[in-house]
$ cat entry.txt   # compact mmCIF, C-alpha atoms
# COMPACT_ATOMS: atom_id res chain seq x y z
CA MET S 1368 111.63 111.43 113.94
CA SER S 1369 112.23 111.87 117.65
CA GLU S 1370 112.62 108.92 119.97
CA GLY S 1371 109.30 107.50 121.11
CA THR S 1372 107.19 108.90 118.28
CA GLN S 1373 105.48 106.64 115.79
CA PRO S 1374 105.20 107.25 112.05
CA PRO S 1375 101.72 108.08 110.81
CA GLU S 1376 99.52 105.03 110.19
CA LYS S 1377 99.22 105.65 106.46
CA ALA S 1378 103.02 105.75 106.07
CA VAL S 1379 103.37 102.46 107.94
CA LEU S 1380 100.69 100.80 105.80
CA ARG S 1381 102.28 102.09 102.58
CA ASP S 1382 105.74 100.91 103.70
CA TYR S 1383 104.50 97.40 104.42
CA LEU S 1384 102.51 97.23 101.19
CA ASP S 1385 105.47 98.53 99.17
CA SER S 1386 107.68 95.93 100.86
CA GLN S 1387 105.43 93.13 99.59
CA ARG S 1388 105.25 94.66 96.11
CA ASN S 1389 109.05 94.84 96.02
CA HIS S 1390 109.26 91.26 97.26
CA VAL S 1391 107.24 90.08 94.25
CA LEU S 1392 109.50 91.98 91.85
CA GLY S 1393 112.60 90.74 93.63
CA ALA S 1394 111.42 87.13 93.47
CA ILE S 1395 111.22 87.31 89.67
CA ALA S 1396 114.29 89.47 89.08
CA ASP S 1397 116.75 88.27 86.44
CA LEU S 1398 114.46 85.57 85.02
CA GLY S 1399 114.20 85.37 81.26
CA GLU S 1400 110.98 85.40 79.29
CA THR S 1401 110.81 81.61 78.96
CA ASP S 1402 110.96 81.12 82.72
CA LEU S 1403 108.55 83.97 83.43
CA ARG S 1404 105.97 82.44 81.07
CA ARG S 1405 106.52 78.82 82.14
CA PRO S 1406 103.74 77.27 84.21
CA VAL S 1407 105.22 75.51 87.23
CA LEU S 1408 102.06 74.14 88.85
CA PRO S 1409 99.28 71.98 87.43
CA SER S 1410 96.88 74.95 87.52
CA GLY S 1411 98.95 76.49 84.73
CA TRP S 1412 99.77 79.94 86.06
CA SER S 1413 103.13 81.53 85.38
CA LEU S 1414 105.11 84.15 87.23
CA LEU S 1415 104.26 86.63 84.49
CA GLY S 1416 100.59 85.78 84.98
CA LEU S 1417 100.98 86.33 88.71
CA VAL S 1418 102.39 89.83 88.13
CA ARG S 1419 99.64 90.63 85.62
CA HIS S 1420 97.04 89.39 88.12
CA LEU S 1421 98.51 91.68 90.77
CA ALA S 1422 98.43 94.63 88.36
CA ARG S 1423 94.93 94.12 86.95
CA ASP S 1424 92.94 92.12 89.52
CA VAL S 1425 94.50 93.51 92.68
CA GLU S 1426 96.05 97.00 92.38
CA ARG S 1427 93.79 98.29 89.60
CA PHE S 1428 90.63 96.55 90.82
CA TRP S 1429 90.84 97.52 94.50
CA PHE S 1430 92.22 101.03 94.23
CA ALA S 1431 90.98 102.41 90.88
CA GLY S 1432 87.82 100.31 90.87
CA VAL S 1433 86.61 99.90 94.44
CA MET S 1434 88.02 103.09 95.96
CA ALA S 1435 87.76 105.47 92.98
CA ALA S 1436 84.88 103.91 90.99
CA ASP S 1437 86.82 104.12 87.72
CA GLN S 1438 84.19 103.19 85.13
CA GLU S 1439 86.60 101.29 82.87
CA VAL S 1440 87.60 99.07 85.80
CA ILE S 1441 83.99 98.52 86.80
CA VAL S 1442 83.05 97.49 83.24
CA ASP S 1443 86.02 95.11 83.07
CA ALA S 1444 85.18 93.60 86.47
CA THR S 1445 81.50 93.05 85.72
CA SER S 1446 81.56 92.05 82.06
CA GLY S 1447 83.33 88.71 82.24
CA GLN S 1448 86.70 89.96 81.01
CA PRO S 1449 89.40 87.30 81.36
CA ASP S 1450 91.27 87.50 84.60
CA GLY S 1451 94.77 88.87 84.78
CA TRP S 1452 96.36 85.45 85.25
CA HIS S 1453 96.15 84.91 81.49
CA VAL S 1454 98.96 86.55 79.52
CA SER S 1455 98.66 86.45 75.75
CA ASP S 1456 101.77 85.75 73.70
CA ASP S 1457 101.64 89.24 72.19
CA LEU S 1458 101.89 90.90 75.61
CA THR S 1459 105.57 91.45 76.37
CA VAL S 1460 107.30 90.94 79.70
CA ASP S 1461 108.26 94.62 79.71
CA ALA S 1462 104.63 95.62 79.15
CA VAL S 1463 103.40 93.46 82.05
CA LEU S 1464 106.06 94.80 84.41
CA ALA S 1465 105.42 98.40 83.30
CA ASP S 1466 101.68 97.92 83.86
CA TYR S 1467 102.30 96.59 87.37
CA ARG S 1468 104.53 99.55 88.22
CA GLU S 1469 101.97 101.96 86.74
CA GLN S 1470 99.11 100.43 88.72
CA VAL S 1471 101.19 100.61 91.91
CA ALA S 1472 101.98 104.29 91.23
CA ARG S 1473 98.29 105.04 90.60
CA ALA S 1474 97.32 103.19 93.77
CA ASN S 1475 99.93 105.05 95.81
CA ALA S 1476 98.72 108.40 94.47
CA LEU S 1477 95.16 107.51 95.48
CA VAL S 1478 96.33 106.41 98.94
CA ASP S 1479 98.31 109.62 99.38
CA ALA S 1480 95.29 111.76 98.46
CA THR S 1481 92.63 109.86 100.40
CA SER S 1482 91.74 109.55 104.06
CA LEU S 1483 92.20 106.07 105.52
CA ASP S 1484 88.59 106.29 106.72
CA GLU S 1485 87.22 107.02 103.22
CA ARG S 1486 84.56 104.52 102.22
CA PRO S 1487 84.74 102.68 98.89
CA ALA S 1488 83.11 104.55 96.01
CA TRP S 1489 81.91 101.27 94.47
CA TRP S 1490 81.35 97.83 95.86
CA PRO S 1491 81.38 94.92 93.37
CA VAL S 1492 78.18 93.11 94.42
CA GLU S 1493 78.28 91.47 90.96
CA VAL S 1494 81.61 89.90 91.92
CA PHE S 1495 81.30 89.20 95.66
CA GLY S 1496 77.58 89.21 96.42
CA GLU S 1497 75.90 90.98 99.31
CA GLY S 1498 77.45 89.31 102.35
CA TRP S 1499 80.97 90.72 102.39
CA GLY S 1500 82.48 94.16 102.07
CA LEU S 1501 85.36 96.39 102.97
CA GLU S 1502 84.50 99.55 104.84
CA SER S 1503 87.40 101.93 104.24
CA LEU S 1504 90.62 102.65 102.37
CA ARG S 1505 92.43 101.27 105.43
CA GLU S 1506 90.71 97.90 104.95
CA VAL S 1507 91.41 97.94 101.20
CA ILE S 1508 95.11 98.57 101.85
CA LEU S 1509 95.21 95.72 104.35
CA HIS S 1510 93.38 93.41 101.92
CA VAL S 1511 95.79 94.25 99.08
CA MET S 1512 98.76 93.85 101.42
CA VAL S 1513 97.63 90.36 102.46
CA GLU S 1514 96.89 89.29 98.90
CA THR S 1515 100.23 90.64 97.65
CA ALA S 1516 102.10 88.90 100.49
CA CYS S 1517 100.36 85.62 99.65
CA HIS S 1518 101.38 85.97 96.02
CA ALA S 1519 104.93 86.92 97.04
CA GLY S 1520 105.10 83.51 98.70
CA HIS S 1521 103.77 81.90 95.52
CA ALA S 1522 106.47 83.73 93.55
CA ASP S 1523 109.13 82.49 95.98
CA ALA S 1524 108.01 78.88 95.59
CA ALA S 1525 107.75 79.12 91.80
CA ARG S 1526 111.19 80.72 91.58
CA GLU S 1527 112.71 77.94 93.66
CA VAL S 1528 111.14 75.34 91.35
CA ILE S 1529 112.46 77.17 88.27
CA ASP S 1530 116.10 77.70 89.25
CA GLY S 1531 116.58 76.95 92.93
CA ARG S 1532 116.90 80.59 93.99
CA GLN S 1533 115.43 81.39 97.39
CA TRP S 1534 114.39 84.87 98.47
CA LEU S 1535 115.40 84.76 102.12
CA VAL S 1536 116.65 81.78 104.05
CA LEU S 1537 117.28 81.99 107.77
CA ASP S 1538 119.44 79.24 109.15
$ encode --input "entry.txt" --output "structure tokens"
Amino acid sequence: MSEGTQPPEKAVLRDYLDSQRNHVLGAIADLGETDLRRPVLPSGWSLLGLVRHLARDVERFWFAGVMAADQEVIVDATSGQPDGWHVSDDLTVDAVLADYREQVARANALVDATSLDERPAWWPVEVFGEGWGLESLREVILHVMVETACHAGHADAAREVIDGRQWLVLD
């Protein structure tokens, strides 16, 4: 890229979103199954539940559901399915991590193939009511980026409670 030119907006948004996704995975790297499943706050969520939530309730919901109107996602979102924070004992760590990576890849493929100005194909009135909505893929990306960044901070705090490891410390 020549001096003074800016990367395309979509590339910048994807880079920032991918950075937050990688932050989440980095915050949990090298933890064993016991620590990944251990609740560290009174609300009872675990780091594995956080990753599952990001896969199912964030990446899959917003991109496959809201932007692409995937019928399976819509049925799951509107039929009272348990939220992604709950990880059954029979669901392996590898399966949760693979699902997150798959949902990210699916989301990125949708982003790559869709205009930033594209309107959502479905809006979950059953979930959010009438008063709020996102107007474009651009807004969905920004929403997912903010939610992922928030959860990256949660992962940092949980990791520090578990074993004292800190993601990035500036002195």
$ closest_residue --input "entry.txt" --among "S:Leu1384, S:Ala1525, S:Leu1403, S:Val1494" --to "Gly1416 (chain S)" --atoms "only C-alpha atoms"
S:Leu1403
$ residues_around --input "entry.txt" --residues "Glu1400 (chain S)" --least-positions-apart "3" --cutoff "10 Å" --atoms "only C-alpha atoms" --output "NGL selection string"
:S and (1397 or 1403-1405 or 1414-1415 or 1459-1461)
$ closest_residue --input "entry.txt" --among "S:Val1513, S:Asp1385, S:Asp1443, S:Arg1419" --to "Leu1464 (chain S)" --atoms "all atoms listed in the file"
S:Arg1419
$ residues_near_point --input "entry.txt" --point "(96.2, 103.7, 111.2)" --cutoff "12 Å" --atoms "all atoms listed in the file" --output "number ranges by chain"
S: 1373-1381, 1482-1484, 1503-1506, 1508-1509
$ atom_distance --input "entry.txt" --atom1 "CA of Gly1447 (chain S)" --atom2 "CA of Glu1493 (chain S)"
10.4 Å
$ atom_distance --input "entry.txt" --atom1 "CA of Thr1445 (chain S)" --atom2 "CA of Trp1429 (chain S)"
13.6 Å
$ residues_near_point --input "entry.txt" --point "(103.4, 94.3, 88.8)" --cutoff "9 Å" --atoms "only C-alpha atoms" --output "mmCIF file with C-alpha atoms, keeping the file's coordinate frame"
data_model
loop_
_atom_site.group_PDB
_atom_site.id
_atom_site.type_symbol
_atom_site.label_atom_id
_atom_site.label_comp_id
_atom_site.auth_asym_id
_atom_site.auth_seq_id
_atom_site.Cartn_x
_atom_site.Cartn_y
_atom_site.Cartn_z
ATOM 1 C CA ARG S 1388 105.250 94.660 96.110
ATOM 2 C CA VAL S 1391 107.240 90.080 94.250
ATOM 3 C CA LEU S 1392 109.500 91.980 91.850
ATOM 4 C CA LEU S 1415 104.260 86.630 84.490
ATOM 5 C CA LEU S 1417 100.980 86.330 88.710
ATOM 6 C CA VAL S 1418 102.390 89.830 88.130
ATOM 7 C CA ARG S 1419 99.640 90.630 85.620
ATOM 8 C CA HIS S 1420 97.040 89.390 88.120
ATOM 9 C CA LEU S 1421 98.510 91.680 90.770
ATOM 10 C CA ALA S 1422 98.430 94.630 88.360
ATOM 11 C CA ARG S 1423 94.930 94.120 86.950
ATOM 12 C CA GLU S 1426 96.050 97.000 92.380
ATOM 13 C CA VAL S 1463 103.400 93.460 82.050
ATOM 14 C CA LEU S 1464 106.060 94.800 84.410
ATOM 15 C CA ALA S 1465 105.420 98.400 83.300
ATOM 16 C CA ASP S 1466 101.680 97.920 83.860
ATOM 17 C CA TYR S 1467 102.300 96.590 87.370
ATOM 18 C CA ARG S 1468 104.530 99.550 88.220
ATOM 19 C CA GLU S 1469 101.970 101.960 86.740
ATOM 20 C CA GLN S 1470 99.110 100.430 88.720
ATOM 21 C CA VAL S 1471 101.190 100.610 91.910
#
$ closest_residue --input "entry.txt" --among "S:Val1425, S:Leu1458, S:Leu1535, S:Ala1522" --to "Leu1408 (chain S)" --atoms "only C-alpha atoms"
S:Ala1522
$ residues_around --input "entry.txt" --residues "Glu1485 (chain S)" --least-positions-apart "4" --cutoff "12 Å" --atoms "only C-alpha atoms" --output "MDAnalysis selection string"
chainID S and resid 1430 1433:1435 1477:1478 1480:1481 1489 1501:1508
$ axis_aligned_box --input "entry.txt" --around "region 1449-1468 of chain S" --padding-each-side "4 Å" --output "JSON"
{"center_x": 98.8, "center_y": 92.2, "center_z": 80.2, "size_x": 26.9, "size_y": 22.6, "size_z": 24.0}
$ closest_residue --input "entry.txt" --among "S:Ala1462, S:Val1454, S:Ile1529, S:Ile1441" --to "Pro1491 (chain S)" --atoms "only C-alpha atoms"
S:Ile1441
$ closest_residue --input "entry.txt" --among "S:Asp1424, S:Ala1519, S:Tyr1383, S:Ala1431" --to "Ala1472 (chain S)" --atoms "all atoms listed in the file"
S:Ala1431
$ closest_residue --input "entry.txt" --among "S:Ile1395, S:Ser1413, S:Phe1495, S:His1510" --to "Ala1444 (chain S)" --atoms "only C-alpha atoms"
S:Phe1495
$ atom_distance --input "entry.txt" --atom1 "CA of His1521 (chain S)" --atom2 "CA of Gln1448 (chain S)"
23.8 Å
$ build_atoms --input "entry.txt" --residues "region 1418-1436 of chain S" --atoms "N, CA, C and O atoms" --output "CSV table (one decimal), in the frame of the given file"
chain,number,residue,atom,x,y,z
S,1418,VAL,N,102.2,88.4,88.1
S,1418,VAL,CA,102.4,89.8,88.1
S,1418,VAL,C,101.2,90.6,87.4
S,1418,VAL,O,100.8,91.6,87.9
S,1419,ARG,N,100.8,90.0,86.3
S,1419,ARG,CA,99.6,90.6,85.6
S,1419,ARG,C,98.4,90.6,86.5
S,1419,ARG,O,97.6,91.6,86.5
S,1420,HIS,N,98.2,89.5,87.2
S,1420,HIS,CA,97.0,89.4,88.1
S,1420,HIS,C,97.1,90.5,89.2
S,1420,HIS,O,96.2,91.1,89.5
S,1421,LEU,N,98.3,90.7,89.8
S,1421,LEU,CA,98.5,91.7,90.8
S,1421,LEU,C,98.2,93.1,90.2
S,1421,LEU,O,97.6,93.9,90.9
S,1422,ALA,N,98.7,93.3,89.0
S,1422,ALA,CA,98.4,94.6,88.4
S,1422,ALA,C,96.9,94.9,88.1
S,1422,ALA,O,96.4,95.9,88.5
S,1423,ARG,N,96.3,93.9,87.4
S,1423,ARG,CA,94.9,94.1,87.0
S,1423,ARG,C,93.9,93.8,88.0
S,1423,ARG,O,92.9,94.6,88.2
S,1424,ASP,N,94.0,92.6,88.6
S,1424,ASP,CA,92.9,92.1,89.5
S,1424,ASP,C,93.1,92.5,91.0
S,1424,ASP,O,92.2,92.3,91.8
S,1425,VAL,N,94.3,93.1,91.3
S,1425,VAL,CA,94.5,93.5,92.7
S,1425,VAL,C,94.7,95.0,92.7
S,1425,VAL,O,93.8,95.7,93.2
S,1426,GLU,N,95.8,95.6,92.3
S,1426,GLU,CA,96.0,97.0,92.4
S,1426,GLU,C,95.0,97.8,91.7
S,1426,GLU,O,94.4,98.7,92.3
S,1427,ARG,N,94.7,97.5,90.4
S,1427,ARG,CA,93.8,98.3,89.6
S,1427,ARG,C,92.4,98.1,90.1
S,1427,ARG,O,91.6,99.1,90.3
S,1428,PHE,N,92.0,96.9,90.4
S,1428,PHE,CA,90.6,96.6,90.8
S,1428,PHE,C,90.3,97.2,92.1
S,1428,PHE,O,89.3,97.9,92.3
S,1429,TRP,N,91.2,97.0,93.2
S,1429,TRP,CA,90.8,97.5,94.5
S,1429,TRP,C,91.0,99.0,94.6
S,1429,TRP,O,90.2,99.7,95.3
S,1430,PHE,N,92.0,99.6,94.0
S,1430,PHE,CA,92.2,101.0,94.2
S,1430,PHE,C,91.5,101.9,93.2
S,1430,PHE,O,90.6,102.7,93.6
S,1431,ALA,N,91.7,101.6,91.9
S,1431,ALA,CA,91.0,102.4,90.9
S,1431,ALA,C,89.5,102.0,90.8
S,1431,ALA,O,88.7,102.9,90.7
S,1432,GLY,N,89.2,100.8,91.0
S,1432,GLY,CA,87.8,100.3,90.9
S,1432,GLY,C,87.0,100.6,92.2
S,1432,GLY,O,86.1,101.4,92.2
S,1433,VAL,N,87.4,99.8,93.2
S,1433,VAL,CA,86.6,99.9,94.4
S,1433,VAL,C,86.7,101.3,95.1
S,1433,VAL,O,85.7,101.9,95.5
S,1434,MET,N,87.9,101.8,95.2
S,1434,MET,CA,88.0,103.1,96.0
S,1434,MET,C,87.7,104.3,95.1
S,1434,MET,O,87.1,105.3,95.6
S,1435,ALA,N,88.0,104.3,93.8
S,1435,ALA,CA,87.8,105.5,93.0
S,1435,ALA,C,86.6,105.3,92.0
S,1435,ALA,O,86.3,106.3,91.3
S,1436,ALA,N,86.0,104.2,91.9
S,1436,ALA,CA,84.9,103.9,91.0
S,1436,ALA,C,85.2,104.3,89.5
S,1436,ALA,O,84.4,104.8,88.8
